[in-house]
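Participant: So I've got this file, data_29.txt, and it contains compact mmCIF, C-alpha atoms:
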```txt
# COMPACT_ATOMS: atom_id res chain seq x y z
CA MET A 1 -1.96 -55.22 28.60
CA GLY A 2 -4.37 -55.85 25.73
CA LYS A 3 -7.04 -53.78 27.45
CA LEU A 4 -4.62 -50.93 28.04
CA ALA A 5 -3.49 -50.91 24.43
CA GLY A 6 -7.13 -50.89 23.34
CA LEU A 7 -7.90 -47.93 25.59
CA ALA A 8 -4.86 -46.05 24.32
CA LEU A 9 -5.94 -46.67 20.73
CA LEU A 10 -9.47 -45.50 21.53
CA GLY A 11 -8.04 -42.37 23.13
CA LEU A 12 -5.96 -41.65 20.04
CA LEU A 13 -8.96 -42.16 17.74
CA LEU A 14 -11.11 -39.86 19.87
CA ALA A 15 -8.39 -37.20 19.89
CA ALA A 16 -8.03 -37.45 16.12
CA GLY A 17 -11.80 -37.25 15.63
CA CYS A 18 -12.20 -34.17 17.79
CA ALA A 19 -8.96 -32.47 16.72
CA LYS A 20 -9.55 -29.15 15.08
CA PRO A 21 -7.51 -28.43 11.96
CA ALA A 22 -4.29 -26.58 12.72
CA ARG A 23 -5.38 -23.49 10.81
CA ASP A 24 -8.41 -21.82 9.31
CA ASP A 25 -6.79 -19.68 6.62
CA LEU A 26 -8.95 -18.18 3.89
CA TYR A 27 -7.79 -16.32 0.79
CA VAL A 28 -10.33 -14.57 -1.46
CA LEU A 29 -10.11 -12.69 -4.77
CA MET A 30 -12.47 -9.72 -4.78
CA PRO A 31 -14.30 -8.22 -7.74
CA GLY A 32 -12.90 -4.87 -8.92
CA PRO A 33 -14.97 -1.67 -9.12
CA THR A 34 -16.57 -2.93 -12.37
CA GLY A 35 -17.64 -6.27 -10.82
CA GLN A 36 -15.19 -8.32 -12.85
CA ALA A 37 -12.19 -10.17 -11.42
CA SER A 38 -9.78 -7.50 -10.22
CA GLY A 39 -6.69 -9.53 -11.18
CA VAL A 40 -4.98 -12.76 -10.21
CA VAL A 41 -3.71 -14.02 -6.87
CA THR A 42 -1.56 -17.13 -6.63
CA VAL A 43 -1.68 -18.93 -3.27
CA ASP A 44 1.32 -21.14 -2.58
CA SER A 45 1.33 -23.24 0.58
CA ALA A 46 4.36 -25.51 0.98
CA GLY A 47 4.58 -26.00 -2.79
CA LYS A 48 0.84 -26.62 -3.33
CA GLN A 49 -0.77 -23.87 -5.38
CA ALA A 50 -4.18 -22.40 -6.10
CA VAL A 51 -4.82 -19.66 -8.65
CA LEU A 52 -7.64 -17.22 -7.84
CA ASP A 53 -8.83 -15.48 -11.02
CA GLN A 54 -12.62 -15.17 -10.63
CA PRO A 55 -14.55 -12.87 -8.29
CA TYR A 56 -15.04 -14.59 -4.90
CA ALA A 57 -12.73 -17.46 -5.87
CA ALA A 58 -11.24 -18.71 -2.60
CA ALA A 59 -8.59 -21.02 -1.21
CA ARG A 60 -8.73 -22.53 2.27
CA VAL A 61 -5.60 -23.78 4.00
CA LYS A 62 -6.19 -26.03 7.04
CA GLU A 63 -2.54 -26.99 7.29
CA PRO A 64 0.52 -26.04 5.25
CA GLY A 65 0.51 -27.94 1.95
CA ARG A 66 -3.25 -28.59 1.97
CA VAL A 67 -4.90 -26.00 -0.30
CA GLU A 68 -8.63 -26.40 -0.92
CA PRO A 69 -9.94 -24.30 -3.80
CA GLY A 70 -13.57 -23.12 -3.75
CA THR A 71 -15.70 -20.01 -3.63
CA VAL A 72 -17.19 -17.82 -0.90
CA THR A 73 -20.43 -15.87 -0.77
CA GLU A 74 -20.68 -12.11 -0.21
CA GLN A 75 -22.23 -12.97 3.15
CA GLU A 76 -19.18 -15.00 4.21
CA VAL A 77 -16.91 -12.17 3.09
CA LYS A 78 -18.88 -9.71 5.20
CA GLN A 79 -18.75 -12.00 8.21
CA SER A 80 -15.01 -12.70 8.07
CA PHE A 81 -13.69 -9.47 6.60
CA GLY A 82 -16.33 -6.84 7.42
CA ASP A 83 -14.10 -4.91 9.85
CA ALA A 84 -11.04 -5.03 7.59
CA LEU A 85 -13.09 -3.85 4.60
CA ALA A 86 -14.72 -1.09 6.65
CA ALA A 87 -11.21 0.20 7.53
CA GLN A 88 -10.14 0.47 3.88
CA PRO A 89 -8.69 3.93 3.18
CA MET A 90 -10.38 6.13 0.56
CA ARG A 91 -9.18 5.33 -2.93
CA PRO A 92 -6.64 7.76 -4.32
CA ALA A 93 -8.03 10.18 -6.91
CA SER A 94 -6.55 12.20 -9.76
CA PHE A 95 -7.68 15.50 -11.36
CA VAL A 96 -6.47 17.54 -14.33
CA ILE A 97 -6.50 21.35 -14.52
CA TYR A 98 -5.66 23.08 -17.82
CA PHE A 99 -3.54 26.19 -18.30
CA GLN A 100 -3.33 29.05 -20.78
CA GLU A 101 -0.71 28.93 -23.51
CA ASN A 102 2.81 29.70 -22.26
CA ARG A 103 1.45 31.00 -18.93
CA ASP A 104 0.89 29.81 -15.40
CA ASP A 105 -2.74 30.99 -15.42
CA LEU A 106 -5.62 28.51 -15.37
CA THR A 107 -8.02 28.39 -18.31
CA ALA A 108 -11.47 29.84 -17.57
CA GLU A 109 -13.03 26.37 -17.99
CA SER A 110 -10.73 24.87 -15.35
CA ARG A 111 -11.70 27.34 -12.61
CA PRO A 112 -14.85 25.42 -11.54
CA VAL A 113 -12.89 22.13 -11.57
CA LEU A 114 -10.57 23.62 -8.97
CA GLY A 115 -13.51 24.01 -6.58
CA ARG A 116 -14.40 20.34 -7.00
CA VAL A 117 -10.77 19.32 -6.34
CA VAL A 118 -10.75 21.33 -3.10
CA ASP A 119 -14.03 19.68 -1.99
CA ALA A 120 -12.61 16.22 -2.78
CA ILE A 121 -9.38 16.84 -0.86
CA ALA A 122 -11.40 17.92 2.19
CA ARG A 123 -12.91 14.41 2.42
CA TYR A 124 -9.51 12.68 2.80
CA PRO A 125 -8.14 12.08 6.31
CA ALA A 126 -4.48 13.20 6.54
CA PRO A 127 -4.42 13.95 2.79
CA GLU A 128 -1.22 13.76 0.75
CA ILE A 129 -1.35 15.87 -2.39
CA VAL A 130 1.09 15.65 -5.29
CA VAL A 131 0.82 18.37 -7.95
CA ILE A 132 2.63 17.65 -11.24
CA GLY A 133 2.97 20.36 -13.89
CA HIS A 134 3.23 19.68 -17.65
CA THR A 135 3.57 21.69 -20.87
CA ASP A 136 3.03 21.17 -24.59
CA ARG A 137 6.06 20.86 -26.86
CA VAL A 138 6.31 24.49 -27.97
CA GLY A 139 9.61 25.97 -26.70
CA THR A 140 12.85 24.49 -25.41
CA ILE A 141 13.02 21.61 -22.94
CA GLN A 142 14.62 23.88 -20.31
CA ARG A 143 11.95 26.57 -20.67
CA ASN A 144 9.20 23.98 -20.45
CA ASP A 145 10.74 22.38 -17.36
CA ALA A 146 10.63 25.79 -15.69
CA LEU A 147 7.10 26.55 -16.95
CA SER A 148 5.74 23.19 -15.76
CA LEU A 149 7.15 23.78 -12.29
CA ARG A 150 5.67 27.32 -12.23
CA ARG A 151 2.25 25.88 -13.13
CA ALA A 152 2.54 23.34 -10.30
CA GLU A 153 3.62 26.05 -7.84
CA ARG A 154 0.72 28.24 -8.98
CA MET A 155 -1.70 25.35 -8.37
CA LYS A 156 -0.25 24.86 -4.89
CA GLU A 157 -0.87 28.57 -4.17
CA GLU A 158 -4.48 28.20 -5.28
CA LEU A 159 -4.97 25.15 -3.05
CA VAL A 160 -3.38 26.89 -0.07
CA LYS A 161 -5.61 29.93 -0.70
CA ALA A 162 -8.58 27.55 -0.55
CA GLY A 163 -7.49 26.45 2.93
CA ILE A 164 -5.36 23.35 2.32
CA ALA A 165 -2.22 23.11 4.47
CA ALA A 166 0.89 23.88 2.40
CA GLU A 167 2.96 21.12 4.03
CA ARG A 168 0.55 18.49 2.66
CA ILE A 169 1.30 19.52 -0.95
CA ARG A 170 4.34 18.40 -2.97
CA VAL A 171 5.04 19.96 -6.38
CA GLU A 172 6.89 18.52 -9.38
CA GLY A 173 7.49 19.70 -12.95
CA ARG A 174 7.85 17.24 -15.79
CA GLY A 175 8.12 19.78 -18.64
CA GLU A 176 7.11 18.45 -22.06
CA ARG A 177 8.32 14.91 -21.26
CA GLU A 178 4.97 13.31 -20.44
CA PRO A 179 2.37 14.66 -22.88
CA LEU A 180 -1.21 13.49 -22.47
CA VAL A 181 -1.53 13.68 -26.25
CA PRO A 182 1.68 12.81 -28.12
CA THR A 183 2.66 15.43 -30.74
CA PRO A 184 5.70 16.28 -32.85
CA ASP A 185 7.99 18.94 -31.36
CA GLU A 186 6.86 22.59 -31.49
CA VAL A 187 3.17 21.67 -31.99
CA PRO A 188 0.79 23.63 -29.73
CA GLU A 189 -1.58 21.26 -27.86
CA PRO A 190 -3.92 22.72 -25.19
CA ARG A 191 -4.56 19.28 -23.63
CA ASN A 192 -0.89 19.00 -22.72
CA ARG A 193 -0.79 22.36 -20.89
CA ARG A 194 -1.95 20.94 -17.63
CA VAL A 195 -1.39 20.17 -13.99
CA GLU A 196 -2.24 16.78 -12.51
CA ILE A 197 -3.43 16.77 -8.92
CA ASN A 198 -3.11 13.41 -7.18
CA VAL A 199 -4.77 12.97 -3.80
CA ARG A 200 -4.51 10.04 -1.41
CA MET U 1 52.36 8.62 19.00
CA LEU U 2 49.68 11.25 18.90
CA GLY U 3 49.42 10.82 15.11
CA ARG U 4 48.85 7.08 15.39
CA PHE U 5 46.32 7.58 18.14
CA ARG U 6 44.38 9.99 15.93
CA VAL U 7 44.47 7.68 12.93
CA ARG U 8 43.10 4.88 15.05
CA HIS U 9 40.26 7.07 16.27
CA VAL U 10 39.38 8.14 12.76
CA LEU U 11 39.36 4.49 11.68
CA ILE U 12 37.09 3.48 14.54
CA ALA U 13 34.76 6.39 13.82
CA ALA U 14 34.66 5.45 10.13
CA ALA U 15 33.92 1.81 10.98
CA LEU U 16 31.11 2.84 13.34
CA ALA U 17 29.63 5.14 10.71
CA ALA U 18 29.76 2.38 8.12
CA VAL U 19 27.91 0.01 10.46
CA SER U 20 25.29 2.43 11.73
CA LEU U 21 24.48 4.27 8.49
CA PRO U 22 22.59 1.59 6.56
CA ALA U 23 20.52 0.73 9.63
CA ALA U 24 19.61 4.38 10.16
CA SER U 25 18.58 4.96 6.55
CA ALA U 26 16.58 1.71 6.39
CA SER U 27 14.59 2.54 9.51
CA ALA U 28 13.82 6.06 8.26
CA GLN U 29 12.23 4.73 5.08
CA GLU U 30 8.69 6.06 4.73
CA ALA U 31 6.32 3.54 3.16
CA GLY U 32 2.85 4.93 3.84
CA HIS U 33 0.46 6.68 6.21
CA VAL U 34 -2.29 5.55 8.54
CA LYS U 35 -5.60 6.88 7.15
CA VAL U 36 -8.08 4.96 9.28
CA SER U 37 -7.47 4.06 12.95
CA ARG U 38 -10.24 2.67 15.17
CA GLY U 39 -9.89 1.26 18.68
CA THR U 40 -6.45 0.00 19.72
CA VAL U 41 -3.89 0.33 16.93
CA GLN U 42 -0.15 0.20 17.56
CA ILE U 43 3.06 0.17 15.60
CA GLU U 44 6.05 -1.82 16.84
CA ARG U 45 9.25 -0.12 15.73
CA SER U 46 12.76 -0.95 17.01
CA GLY U 47 11.38 -2.67 20.10
CA GLN U 48 8.97 0.16 20.98
CA LYS U 49 5.19 0.15 20.80
CA LEU U 50 3.76 3.43 19.52
CA PRO U 51 0.13 4.44 19.21
CA ALA U 52 -0.89 4.86 15.53
CA PRO U 53 -3.55 7.52 15.06
CA VAL U 54 -4.59 8.89 11.63
CA GLY U 55 -1.60 10.55 9.96
CA THR U 56 1.08 8.28 11.49
CA VAL U 57 3.93 7.44 9.12
CA VAL U 58 4.39 3.72 8.45
CA GLN U 59 7.94 2.57 7.69
CA ALA U 60 9.45 -0.55 6.21
CA GLY U 61 10.21 -2.84 9.16
CA ASP U 62 7.16 -1.75 11.17
CA VAL U 63 4.76 -4.27 12.67
CA VAL U 64 1.19 -2.95 12.86
CA THR U 65 -1.07 -4.53 15.48
CA THR U 66 -4.77 -4.13 16.28
CA GLY U 67 -6.58 -4.99 19.50
CA ALA U 68 -9.87 -6.87 19.87
CA ASP U 69 -11.68 -3.55 19.21
CA GLY U 70 -9.22 -2.27 16.61
CA SER U 71 -8.94 -1.85 12.87
CA VAL U 72 -6.50 0.10 10.71
CA GLY U 73 -6.25 1.36 7.12
CA ILE U 74 -2.92 2.34 5.53
CA THR U 75 -2.30 4.03 2.16
CA PHE U 76 1.17 3.32 0.76
CA LEU U 77 3.29 5.54 -1.51
CA ASP U 78 2.42 3.44 -4.59
CA ASN U 79 -1.33 3.81 -3.78
CA SER U 80 -1.62 0.28 -2.36
CA LEU U 81 -4.35 0.16 0.31
CA LEU U 82 -3.99 -2.31 3.19
CA SER U 83 -6.53 -2.58 5.97
CA ALA U 84 -6.60 -4.99 8.89
CA GLY U 85 -9.46 -6.08 11.13
CA PRO U 86 -9.36 -6.81 14.90
CA ASN U 87 -6.67 -8.98 16.55
CA SER U 88 -4.33 -8.66 13.60
CA VAL U 89 -0.54 -8.56 13.32
CA LEU U 90 0.74 -7.15 10.03
CA ALA U 91 4.47 -6.77 9.32
CA ILE U 92 5.70 -4.42 6.60
CA ASP U 93 8.77 -6.45 5.68
CA ARG U 94 10.01 -4.51 2.63
CA PHE U 95 8.84 -1.46 0.74
CA VAL U 96 10.79 0.06 -2.13
CA PHE U 97 9.04 2.24 -4.72
CA ASP U 98 10.39 4.43 -7.50
CA PRO U 99 7.62 6.99 -8.17
CA THR U 100 8.90 7.67 -11.70
CA THR U 101 9.30 4.10 -13.02
CA HIS U 102 6.85 2.44 -10.58
CA GLN U 103 9.43 -0.32 -10.06
CA GLY U 104 10.16 -1.75 -6.63
CA THR U 105 9.16 -4.35 -4.05
CA PHE U 106 6.40 -4.62 -1.49
CA GLU U 107 6.48 -7.57 0.91
CA SER U 108 4.25 -7.81 3.94
CA SER U 109 3.18 -10.63 6.22
CA LEU U 110 -0.05 -11.12 8.07
CA GLN U 111 0.96 -13.15 11.11
CA LYS U 112 -2.64 -13.40 12.32
CA GLY U 113 -5.99 -11.76 11.77
CA THR U 114 -7.69 -10.39 8.66
CA LEU U 115 -6.41 -8.20 5.85
CA ALA U 116 -8.00 -6.49 2.84
CA VAL U 117 -5.69 -5.40 0.03
CA VAL U 118 -6.15 -3.14 -2.99
CA SER U 119 -2.86 -3.34 -4.83
CA GLY U 120 -1.27 -0.21 -6.30
CA LYS U 121 1.25 0.88 -8.91
CA LEU U 122 3.91 -1.67 -7.90
CA ALA U 123 1.67 -4.64 -8.71
CA LYS U 124 0.67 -3.03 -12.00
CA ALA U 125 4.26 -2.38 -13.07
CA SER U 126 5.67 -5.87 -12.47
CA PRO U 127 3.97 -9.15 -11.58
CA ASP U 128 6.54 -10.27 -9.00
CA ALA U 129 6.83 -6.98 -7.10
CA VAL U 130 4.11 -7.60 -4.50
CA LYS U 131 3.95 -10.52 -2.07
CA VAL U 132 1.83 -11.12 1.00
CA LYS U 133 2.87 -13.92 3.35
CA THR U 134 1.05 -15.76 6.12
CA PRO U 135 2.46 -18.47 8.41
CA ALA U 136 1.00 -21.04 5.97
CA ALA U 137 1.23 -19.51 2.49
CA VAL U 138 2.79 -16.97 0.12
CA LEU U 139 0.50 -14.93 -2.12
CA GLY U 140 1.65 -13.58 -5.47
CA VAL U 141 -0.35 -10.60 -6.68
CA ARG U 142 -1.16 -9.27 -10.12
CA GLY U 143 -3.04 -5.94 -10.06
CA THR U 144 -5.88 -6.87 -7.78
CA GLU U 145 -8.11 -6.70 -4.72
CA PHE U 146 -8.11 -9.60 -2.29
CA LEU U 147 -8.66 -10.75 1.28
CA VAL U 148 -6.53 -12.79 3.67
CA ARG U 149 -7.48 -14.47 6.94
CA THR U 150 -4.92 -16.46 8.88
CA GLY U 151 -4.78 -18.16 12.28
CA PRO U 152 -6.18 -21.11 14.17
CA PRO U 153 -9.93 -21.85 13.91
CA LYS U 154 -12.23 -19.89 16.21
CA ASP U 155 -14.06 -21.86 18.92
```
Would you write the structure of this file as structure tokens?

Facilitator:
Amino acid sequence: MGKLAGLALLGLLLAAGCAKPARDDLYVLMPGPTGQASGVVTVDSAGKQAVLDQPYAAARVKEPGRVEPGTVTEQEVKQSFGDALAAQPMRPASFVIYFQENRDDLTAESRPVLGRVVDAIARYPAPEIVVIGHTDRVGTIQRNDALSLRRAERMKEELVKAGIAAERIRVEGRGEREPLVPTPDEVPEPRNRRVEINVR
Amino acid sequence: MLGRFRVRHVLIAAALAAVSLPAASASAQEAGHVKVSRGTVQIERSGQKLPAPVGTVVQAGDVVTTGADGSVGITFLDNSLLSAGPNSVLAIDRFVFDPTTHQGTFESSLQKGTLAVVSGKLAKASPDAVKVKTPAAVLGVRGTEFLVRTGPPKD
């Protein structure tokens, strides 16, 4: 009896010694494009928390409620997350094209920018393009709503002419409601006569 | 008699419509698009497994899975970027985004595998909008890039 109990205890101890942790979870805050912390992530496991607010700050969770804070090296990140990071989609990009006063014609300076936008779009797989037209504050709200939409439609035509599929492009007009440079009403402002092209 | 019969039919039809409508609109909700698809990548939607090549629409409620040779990258409507490595199971639990106000909710769960996240406009607009869950933890996100690995230890 005593021997048996001893053996059982030994077995239990061995099992405990060899037992792997239930989990091997790892949470990492990455640096942003500038190398600084990109923000803050709060890890909460069964009420236990860790706050990640430095580049490569990490939390390991071996079982729910056991959060071990620490850091990881770039090498460890590459090893664990290399495939996931390699599959990251291209970052969305945004361009601005300027228009002539009270018209839906591009300014001469904006023509070459259009070429660069077309080249950029071509690099995106299954691109989604949103074209948003704007005006300055000269004229009525209704007229500017219509003008902003005409500018966006005109930009879509230009993109389609350059070979981009029309069904990938959505157009919107925001009129004078979202100026890049705030002005009083009825003030001409060339920087607000624009179309934003968002690509993702 | 005929009148009552008709009324009953109309009532039943109305009840059926009321039940089926929310489900239909919820399942049709577009959340993002697959932009990178390597090896085996599938989407589980209403009990069906669909292949998920580049250009596939991802909806709220979808579960995205990758095989041992697979990886996937998805761009969401708020410009969030989620990408998963091999042997991953990623559920898109909720996605609501107002493109004008940037308000909404984005909840996903990584059931196993690896995930890289670049948060988008939702996380910028409100600190509680974006959550990523694993079987062991809930992550709150404030405008950031981060990585998640979850599952049992490898041998």

Participant: Can you pull out every residue within 10 Å of Gly65 (chain A), counting only C-alpha atoms, but drop anything in the same chain fewer than 3 positions away, and send it as a list in words?

Facilitator: Asp44, Ser45, Ala46, Gly47, Lys48, Gln49, Val61, Lys62 and Glu68 of chain A; Ala136 and Ala137 of chain U

Participant: Taking C-alpha atoms for each residue, export the selection above as an mmCIF file, in the coordinates of the input.

Facilitator:
```
data_model
loop_
_atom_site.group_PDB
_atom_site.id
_atom_site.type_symbol
_atom_site.label_atom_id
_atom_site.label_comp_id
_atom_site.auth_asym_id
_atom_site.auth_seq_id
_atom_site.Cartn_x
_atom_site.Cartn_y
_atom_site.Cartn_z
ATOM 1 C CA ASP A 44 1.320 -21.140 -2.580
ATOM 2 C CA SER A 45 1.330 -23.240 0.580
ATOM 3 C CA ALA A 46 4.360 -25.510 0.980
ATOM 4 C CA GLY A 47 4.580 -26.000 -2.790
ATOM 5 C CA LYS A 48 0.840 -26.620 -3.330
ATOM 6 C CA GLN A 49 -0.770 -23.870 -5.380
ATOM 7 C CA VAL A 61 -5.600 -23.780 4.000
ATOM 8 C CA LYS A 62 -6.190 -26.030 7.040
ATOM 9 C CA GLU A 68 -8.630 -26.400 -0.920
ATOM 10 C CA ALA U 136 1.000 -21.040 5.970
ATOM 11 C CA ALA U 137 1.230 -19.510 2.490
#
```

Participant: Could you list the residues in chain U lying within 7 Å of chain A, using only C-alpha atoms, and format the result as a PyMOL selection string?

Facilitator: chain U and resi 35-36+54-55+71-75+79+81-85+114-116+136-153

Participant: Skipping near chain neighbours, those fewer than 2 positions away, what residues fall within 8 Å of Val131 (chain A) using only C-alpha atoms, listed as a list in words?

Facilitator: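 That gives Ile129, Gly133, Ala152, Met155, Lys156, Ile169, Arg170, Val171, Glu172, Val195, Glu196, Ile197 and Asn198 of chain A.
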
Participant: I want to know what sits within 10 Å of Gln29 (chain U), based on only C-alpha atoms, with residues of the same chain fewer than 4 positions away left out; could you give that as a list in words?

Facilitator: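 Answer for this query is Ala24, Ser25, Val57, Val58, Gln59, Ala60, Gly61, Arg94, Phe95 and Val96 of chain U.
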
Participant: What does the distance from CA of Pro112 (chain A) to CA of Ser94 (chain A) come to in Å, to one decimal?

Facilitator: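 Result for CA of Pro112 (chain A) versus CA of Ser94 (chain A): 15.7 Å, one decimal.
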
Participant: Would you work out the distance separating CA of Val64 (chain U) from CA of Phe106 (chain U), expressed in Å to one decimal?

Facilitator: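 Atom-to-atom, CA of Val64 (chain U) to CA of Phe106 (chain U), that is 15.4 Å.
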
Participant: Do a neighbour search on Ser108 (chain U) at 7 Å with all atoms listed in the file, toss out local chain neighbours closer than 3 positions, and write the hits as a PDB file with C-alpha atoms, in the coordinates of the input.

Facilitator:
```pdb
ATOM      1  CA  ALA U  91       4.470  -6.770   9.320  1.00  0.00           C
ATOM      2  CA  ILE U  92       5.700  -4.420   6.600  1.00  0.00           C
ATOM      3  CA  ASP U  93       8.770  -6.450   5.680  1.00  0.00           C
ATOM      4  CA  ARG U  94      10.010  -4.510   2.630  1.00  0.00           C
ATOM      5  CA  LYS U 131       3.950 -10.520  -2.070  1.00  0.00           C
ATOM      6  CA  VAL U 132       1.830 -11.120   1.000  1.00  0.00           C
ATOM      7  CA  LYS U 133       2.870 -13.920   3.350  1.00  0.00           C
TER       8      LYS U 133
END
```

Participant: Could you tell me how far CA of Gly32 (chain U) sits from CA of Ser119 (chain U), in Å to one decimal place?

Facilitator: 13.3 Å

Participant: Around the point (0.3, 24.1, -22.3), in the coordinates given by the file, pick out the residues reaching within 8 Å, counting all atoms listed in the file, and return them as a PDB file with C-alpha atoms, in the frame of the given file.

Facilitator:
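Produced file out_16.pdb, reproduced below:
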```
ATOM      1  CA  TYR A  98      -5.660  23.080 -17.820  1.00  0.00           C
ATOM      2  CA  PHE A  99      -3.540  26.190 -18.300  1.00  0.00           C
ATOM      3  CA  GLN A 100      -3.330  29.050 -20.780  1.00  0.00           C
ATOM      4  CA  GLU A 101      -0.710  28.930 -23.510  1.00  0.00           C
ATOM      5  CA  ASN A 102       2.810  29.700 -22.260  1.00  0.00           C
ATOM      6  CA  ARG A 103       1.450  31.000 -18.930  1.00  0.00           C
ATOM      7  CA  HIS A 134       3.230  19.680 -17.650  1.00  0.00           C
ATOM      8  CA  THR A 135       3.570  21.690 -20.870  1.00  0.00           C
ATOM      9  CA  ASP A 136       3.030  21.170 -24.590  1.00  0.00           C
ATOM     10  CA  PRO A 188       0.790  23.630 -29.730  1.00  0.00           C
ATOM     11  CA  GLU A 189      -1.580  21.260 -27.860  1.00  0.00           C
ATOM     12  CA  PRO A 190      -3.920  22.720 -25.190  1.00  0.00           C
ATOM     13  CA  ARG A 191      -4.560  19.280 -23.630  1.00  0.00           C
ATOM     14  CA  ASN A 192      -0.890  19.000 -22.720  1.00  0.00           C
ATOM     15  CA  ARG A 193      -0.790  22.360 -20.890  1.00  0.00           C
ATOM     16  CA  ARG A 194      -1.950  20.940 -17.630  1.00  0.00           C
TER      17      ARG A 194
END
```

Participant: Give me, as a PyMOL selection string, all polymer residues having an atom no more than 10 Å from region 66-68 of chain U, counting all atoms listed in the file and skipping those fewer than 6 positions away in the same chain.

Facilitator: chain U and resi 37-43+52+84-90+113

Participant: Filtering to C-alpha atoms, could you give me those residues as a tab-separated table (two decimals), in the frame of the given file?

Facilitator:
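And here's out-v5.tsv as it stands now:
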```
chain	number	residue	atom	x	y	z
U	37	SER	CA	-7.47	4.06	12.95
U	38	ARG	CA	-10.24	2.67	15.17
U	39	GLY	CA	-9.89	1.26	18.68
U	40	THR	CA	-6.45	0.00	19.72
U	41	VAL	CA	-3.89	0.33	16.93
U	42	GLN	CA	-0.15	0.20	17.56
U	43	ILE	CA	3.06	0.17	15.60
U	52	ALA	CA	-0.89	4.86	15.53
U	84	ALA	CA	-6.60	-4.99	8.89
U	85	GLY	CA	-9.46	-6.08	11.13
U	86	PRO	CA	-9.36	-6.81	14.90
U	87	ASN	CA	-6.67	-8.98	16.55
U	88	SER	CA	-4.33	-8.66	13.60
U	89	VAL	CA	-0.54	-8.56	13.32
U	90	LEU	CA	0.74	-7.15	10.03
U	113	GLY	CA	-5.99	-11.76	11.77
```

Participant: Find the residue from U:Glu44, U:Asp69, U:Asp78, U:Glu30 that sits nearest to Thr100 (chain U); use all atoms listed in the file when measuring.

Facilitator: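 Among the listed residues, the smallest separation from Thr100 (chain U) belongs to U:Asp78.
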
Participant: Around all the atoms of region 40-51 of chain A listed in the file, draw an axis-aligned box and extend it by 4 Å on each of the six sides; I want its centre and edge lengths in Å to one decimal, as lines of an AutoDock Vina configuration file.

Facilitator:
```
center_x = -0.2
center_y = -19.7
center_z = -4.6
size_x = 17.6
size_y = 21.9
size_z = 19.2
```

Participant: Using the block above, I'd like region 188-199 of chain A written out, keeping C-alpha atoms and formatting it as a tab-separated table (two decimals), in the first residue's frame.

Facilitator:
```tsv
chain	number	residue	atom	x	y	z
A	188	PRO	CA	-11.53	81.58	-53.27
A	189	GLU	CA	-8.95	78.96	-52.16
A	190	PRO	CA	-7.15	76.89	-54.84
A	191	ARG	CA	-6.05	74.25	-52.30
A	192	ASN	CA	-9.68	73.38	-51.61
A	193	ARG	CA	-10.54	72.79	-55.30
A	194	ARG	CA	-9.44	69.22	-55.28
A	195	VAL	CA	-10.18	65.55	-55.64
A	196	GLU	CA	-8.87	62.99	-53.16
A	197	ILE	CA	-8.03	59.58	-54.57
A	198	ASN	CA	-7.90	56.82	-51.97
A	199	VAL	CA	-6.49	53.45	-52.99
```
